[in-house]
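Asker: Dropping in coords_30.pdb, with PDB, C-alpha atoms.
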ATOM      1  CA  PHE A   1       0.000   0.000   0.000
ATOM      2  CA  ASN A   2       1.066   3.605  -0.450
ATOM      3  CA  ARG A   3       1.576   6.343   2.128
ATOM      4  CA  ARG A   4      -1.909   7.834   1.686
ATOM      5  CA  HIS A   5      -3.457   4.462   2.495
ATOM      6  CA  LEU A   6      -1.111   4.155   5.473
ATOM      7  CA  GLU A   7      -2.260   7.460   6.955
ATOM      8  CA  GLN A   8      -5.946   6.537   6.657
ATOM      9  CA  LEU A   9      -5.404   2.992   7.909
ATOM     10  CA  LEU A  10      -3.305   4.016  10.899
ATOM     11  CA  ASP A  11      -5.855   6.628  12.007
ATOM     12  CA  ARG A  12      -8.654   4.052  11.725
ATOM     13  CA  GLU A  13      -6.692   1.357  13.573
ATOM     14  CA  LEU A  14      -5.723   3.794  16.341
ATOM     15  CA  GLU A  15      -9.356   4.772  16.798
ATOM     16  CA  PHE A  16     -10.359   1.106  17.047
ATOM     17  CA  ALA A  17      -7.491   0.293  19.431
ATOM     18  CA  GLY A  18      -8.543   3.150  21.699
ATOM     19  CA  ARG A  19     -12.192   2.107  21.734
ATOM     20  CA  SER A  20     -11.530  -1.603  22.181
ATOM     21  CA  GLN A  21      -8.527  -1.292  24.520
ATOM     22  CA  HIS A  22      -6.459  -3.522  22.219
ATOM     23  CA  PRO A  23      -2.797  -2.899  21.474
ATOM     24  CA  LEU A  24      -1.660  -1.726  18.079
ATOM     25  CA  SER A  25       1.927  -1.865  16.923
ATOM     26  CA  ILE A  26       3.809  -0.542  13.959
ATOM     27  CA  VAL A  27       7.065  -1.814  12.536
ATOM     28  CA  MET A  28       9.218   0.606  10.574
ATOM     29  CA  LEU A  29      11.624  -1.143   8.211
ATOM     30  CA  ASP A  30      14.613   0.353   6.419
ATOM     31  CA  LEU A  31      16.807  -1.598   3.995
ATOM     32  CA  ASP A  32      20.441  -1.305   5.040
ATOM     33  CA  HIS A  33      22.699   0.259   2.391
ATOM     34  CA  PHE A  34      19.891   0.297  -0.190
ATOM     35  CA  LYS A  35      21.346   3.406  -1.849
ATOM     36  CA  ALA A  36      24.402   1.340  -2.810
ATOM     37  CA  ILE A  37      22.146  -1.021  -4.815
ATOM     38  CA  ASN A  38      20.678   1.893  -6.772
ATOM     39  CA  ASP A  39      24.076   3.528  -7.224
ATOM     40  CA  HIS A  40      25.953   0.389  -8.292
ATOM     41  CA  TYR A  41      23.304  -1.656 -10.147
ATOM     42  CA  GLY A  42      20.804   1.028 -11.192
ATOM     43  CA  HIS A  43      17.267   1.957 -10.255
ATOM     44  CA  PRO A  44      15.672  -1.057 -11.998
ATOM     45  CA  ALA A  45      17.669  -3.261  -9.608
ATOM     46  CA  GLY A  46      16.461  -1.150  -6.685
ATOM     47  CA  ASP A  47      12.886  -1.540  -7.911
ATOM     48  CA  ALA A  48      13.388  -5.320  -8.129
ATOM     49  CA  VAL A  49      14.659  -5.362  -4.548
ATOM     50  CA  LEU A  50      11.651  -3.379  -3.326
ATOM     51  CA  ALA A  51       9.294  -5.760  -5.149
ATOM     52  CA  GLY A  52      11.140  -8.710  -3.634
ATOM     53  CA  VAL A  53      10.914  -7.259  -0.134
ATOM     54  CA  ALA A  54       7.189  -6.672  -0.675
ATOM     55  CA  GLY A  55       6.915 -10.376  -1.524
ATOM     56  CA  VAL A  56       8.709 -11.291   1.698
ATOM     57  CA  LEU A  57       6.311  -9.131   3.684
ATOM     58  CA  ARG A  58       3.239 -10.622   1.998
ATOM     59  CA  ALA A  59       4.516 -14.127   2.706
ATOM     60  CA  ARG A  60       5.488 -13.543   6.355
ATOM     61  CA  LEU A  61       2.734 -11.264   7.656
ATOM     62  CA  ARG A  62      -0.700 -12.184   8.934
ATOM     63  CA  SER A  63      -3.571 -11.511   6.546
ATOM     64  CA  TYR A  64      -4.731  -8.508   8.600
ATOM     65  CA  ASP A  65      -1.294  -6.886   8.943
ATOM     66  CA  SER A  66      -0.750  -4.082   6.447
ATOM     67  CA  PRO A  67       2.622  -3.334   4.875
ATOM     68  CA  CYS A  68       2.851   0.146   3.364
ATOM     69  CA  ARG A  69       5.531   2.106   1.551
ATOM     70  CA  TYR A  70       6.537   4.941   3.849
ATOM     71  CA  GLY A  71       9.128   6.613   1.673
ATOM     72  CA  GLY A  72      12.217   5.709  -0.325
ATOM     73  CA  ASP A  73      13.312   2.341   0.982
ATOM     74  CA  GLU A  74      11.352   2.665   4.224
ATOM     75  CA  LEU A  75       8.291   0.532   4.796
ATOM     76  CA  LEU A  76       5.873   0.625   7.678
ATOM     77  CA  VAL A  77       3.785  -2.344   8.771
ATOM     78  CA  VAL A  78       0.613  -1.833  10.804
ATOM     79  CA  VAL A  79       0.227  -4.798  13.168
ATOM     80  CA  PRO A  80      -3.240  -4.673  14.802
ATOM     81  CA  GLY A  81      -3.805  -6.451  18.107
ATOM     82  CA  ALA A  82      -0.093  -6.971  18.739
ATOM     83  CA  GLY A  83       1.751  -5.705  21.754
ATOM     84  CA  ALA A  84       5.422  -4.786  21.616
ATOM     85  CA  ALA A  85       6.662  -8.331  22.341
ATOM     86  CA  GLU A  86       4.534  -9.885  19.595
ATOM     87  CA  ALA A  87       5.413  -7.118  17.115
ATOM     88  CA  LYS A  88       9.114  -7.646  17.881
ATOM     89  CA  ILE A  89       8.699 -11.328  16.946
ATOM     90  CA  VAL A  90       7.036 -10.270  13.672
ATOM     91  CA  ALA A  91       9.838  -7.778  12.997
ATOM     92  CA  GLU A  92      12.540 -10.334  13.772
ATOM     93  CA  SER A  93      10.920 -12.810  11.381
ATOM     94  CA  LEU A  94      10.945 -10.183   8.631
ATOM     95  CA  ARG A  95      14.556  -9.265   9.371
ATOM     96  CA  VAL A  96      15.733 -12.864   9.134
ATOM     97  CA  GLN A  97      13.770 -13.626   5.971
ATOM     98  CA  ILE A  98      15.035 -10.518   4.185
ATOM     99  CA  SER A  99      18.623 -11.463   5.031
ATOM    100  CA  LEU A 100      18.053 -14.985   3.637
ATOM    101  CA  THR A 101      16.340 -13.863   0.425
ATOM    102  CA  ARG A 102      18.386 -13.589  -2.741
ATOM    103  CA  PHE A 103      17.147 -10.784  -4.953
ATOM    104  CA  ASN A 104      17.488 -10.775  -8.729
ATOM    105  CA  ASP A 105      16.851  -7.910 -11.143
ATOM    106  CA  GLY A 106      16.333 -10.161 -14.162
ATOM    107  CA  LEU A 107      19.948  -9.757 -15.262
ATOM    108  CA  ARG A 108      21.871 -10.984 -12.252
ATOM    109  CA  GLU A 109      21.660 -11.971  -8.626
ATOM    110  CA  LEU A 110      22.116  -8.941  -6.390
ATOM    111  CA  PRO A 111      24.186  -8.894  -3.210
ATOM    112  CA  PRO A 112      22.424 -10.004  -0.030
ATOM    113  CA  LEU A 113      20.566  -7.290   1.853
ATOM    114  CA  THR A 114      19.740  -6.756   5.474
ATOM    115  CA  ALA A 115      17.152  -4.593   7.166
ATOM    116  CA  SER A 116      16.935  -2.599  10.361
ATOM    117  CA  LEU A 117      13.542  -2.355  12.022
ATOM    118  CA  GLY A 118      11.916  -0.300  14.758
ATOM    119  CA  VAL A 119       8.819  -1.285  16.743
ATOM    120  CA  ALA A 120       6.421   1.041  18.568
ATOM    121  CA  THR A 121       3.142   0.169  20.290
ATOM    122  CA  TYR A 122      -0.007   2.073  21.193
ATOM    123  CA  PRO A 123      -0.586   3.221  23.871
ATOM    124  CA  GLU A 124       2.784   2.940  25.605
ATOM    125  CA  HIS A 125       4.973   4.457  22.876
ATOM    126  CA  GLY A 126       2.514   6.967  21.472
ATOM    127  CA  GLN A 127      -1.100   8.054  21.537
ATOM    128  CA  THR A 128      -1.274   9.416  17.988
ATOM    129  CA  ALA A 129      -0.093   8.237  14.590
ATOM    130  CA  GLU A 130       2.667  10.853  14.565
ATOM    131  CA  GLU A 131       3.886   9.896  18.055
ATOM    132  CA  LEU A 132       3.945   6.212  17.111
ATOM    133  CA  LYS A 133       5.850   6.904  13.900
ATOM    134  CA  ARG A 134       8.393   9.051  15.774
ATOM    135  CA  SER A 135       8.864   6.294  18.364
ATOM    136  CA  ALA A 136       9.271   3.588  15.708
ATOM    137  CA  ASP A 137      11.688   5.816  13.788
ATOM    138  CA  ALA A 138      13.791   6.397  16.923
ATOM    139  CA  ALA A 139      13.868   2.628  17.574
ATOM    140  CA  LEU A 140      14.865   2.034  13.939
ATOM    141  CA  TYR A 141      17.716   4.522  14.136
ATOM    142  CA  ALA A 142      18.894   3.000  17.423
ATOM    143  CA  ALA A 143      19.010  -0.384  15.633
ATOM    144  CA  LYS A 144      21.063   1.167  12.821
ATOM    145  CA  ALA A 145      23.415   2.848  15.305
ATOM    146  CA  ALA A 146      23.892  -0.489  17.084
ATOM    147  CA  GLY A 147      25.222  -2.076  13.893
ATOM    148  CA  ARG A 148      22.248  -2.535  11.520
ATOM    149  CA  ASN A 149      20.466  -5.797  10.705
ATOM    150  CA  ARG A 150      18.584  -5.779  13.976
ATOM    151  CA  VAL A 151      15.263  -4.912  15.594
ATOM    152  CA  GLY A 152      14.860  -2.062  18.051
ATOM    153  CA  VAL A 153      11.855  -1.499  20.294
ATOM    154  CA  ALA A 154      10.804   1.973  21.412
ATOM    155  CA  GLY A 155      11.677   2.687  25.018
TER     156      GLY A 155
END
Take the structure in this file and express it as structure tokens.

Answerer:
Amino acid sequence: FNRRHLEQLLDRELEFAGRSQHPLSIVMLDLDHFKAINDHYGHPAGDAVLAGVAGVLRARLRSYDSPCRYGGDELLVVVPGAGAAEAKIVAESLRVQISLTRFNDGLRELPPLTASLGVATYPEHGQTAEELKRSADAALYAAKAAGRNRVGVAG
């Protein structure tokens, strides 16, 4: 899904989570060193990687989880009904599968990729969509600062 869909979906899911007293988590995902793929192999290779990562997400997520393009090589997954511990398990599964997947642009196999991910959960890490996204982004950047290819959880 695109960013417009994400904004509408996240607002709706936050409203439901507040009414029903259910947790709601988001997982922000950034492909490590993705710019190097575009720079070295070209934008069609980068597009192939993004399509491949989308396939990984579709295969690994529950049917009611929603992966959305957030911007550039960042994706955001809305994980309804999941607390931070469950969302971290989801994020870790995505991280491992991305690192195991071999991407191909139709001309050649591309180098292996890794991803860094950040998890944030309503209500403890944010009450609004913007607060949740900021918390997930901070957790993502902490994961990158700690060496990449890991999952961070908002604190």

Asker: What does the structure give for the distance between atom CA of A:Leu75 and atom CA of A:Gly18, in Å to one decimal?

Answerer: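 Distance reported for this atom pair: 24.0 Å.
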
Asker: If you apply the PyMOL selection byres ((chain A and resi 56-66) around 8) to this file, what residues do you get, as number ranges by chain?

Answerer: A: 1, 52-55, 67-68, 77-80, 90, 93-94, 97-98

Asker: Can you work out which one of A:Asp73, A:Glu7, A:Glu15, A:Glu92 has the shortest atom-to-atom distance to A:Gln127, counting only C-alpha atoms?

Answerer: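 Of A:Asp73, A:Glu7, A:Glu15, A:Glu92, the one nearest A:Gln127 is A:Glu15, counting only C-alpha atoms.
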
Asker: For this file, the PyMOL selection byres ((chain A and resi 48) around 12) selects which residues, as a PyMOL selection string?

Answerer: chain A and resi 34+37-38+41-47+49-55+73+102-110

Asker: For stretch 2-69 of chain A against stretch 116-126 of chain A, with a cut-off of 12 Å and counting only C-alpha atoms, what is the closest atom pair and its distance in Å to one decimal for every residue that makes the cut, ordered by chain and number, as CSV?

Answerer:
residue,atom,partner,partner_atom,distance
A:Leu10,CA,A:Tyr122,CA,11.0
A:Asp11,CA,A:Tyr122,CA,11.8
A:Glu13,CA,A:Tyr122,CA,10.2
A:Leu14,CA,A:Tyr122,CA,7.7
A:Glu15,CA,A:Tyr122,CA,10.7
A:Phe16,CA,A:Tyr122,CA,11.2
A:Ala17,CA,A:Tyr122,CA,7.9
A:Gly18,CA,A:Pro123,CA,8.2
A:Arg19,CA,A:Pro123,CA,11.9
A:Gln21,CA,A:Pro123,CA,9.2
A:His22,CA,A:Tyr122,CA,8.6
A:Pro23,CA,A:Tyr122,CA,5.7
A:Leu24,CA,A:Tyr122,CA,5.2
A:Ser25,CA,A:Thr121,CA,4.1
A:Ile26,CA,A:Ala120,CA,5.5
A:Val27,CA,A:Val119,CA,4.6
A:Met28,CA,A:Gly118,CA,5.1
A:Leu29,CA,A:Leu117,CA,4.4
A:Asp30,CA,A:Ser116,CA,5.4
A:Leu31,CA,A:Ser116,CA,6.4
A:Asp32,CA,A:Ser116,CA,6.5
A:His33,CA,A:Ser116,CA,10.2
A:Phe34,CA,A:Ser116,CA,11.3

Asker: When the PyMOL selection byres ((chain A and resi 138-150) around 6) is applied to the file above, which residues end up in the set, as an MDAnalysis selection string?

Answerer: chainID A and resid 114:118 135:137 151:154

Asker: Mind giving me the straight-line distance from atom CA of A:Lys133 to atom CA of A:Gly72 in Å, one decimal?

Answerer: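 Taking atom CA of A:Lys133 as the start and atom CA of A:Gly72 as the end point, the length is 15.6 Å.
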
Asker: For a test of reading the model, state the distance in Å between atom CA of A:Pro112 and atom CA of A:Ser99, rounded to one decimal.

Answerer: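 Interatomic distance here is 6.5 Å.
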
Asker: What box, with edges along x, y and z, holds each listed atom of stretch 92-96 of chain A when 3 Å is added on every side, and can you state its centre and edge lengths in Å to one decimal, as JSON?

Answerer:
{"center_x": 13.3, "center_y": -11.1, "center_z": 11.2, "size_x": 10.8, "size_y": 9.6, "size_z": 11.1}
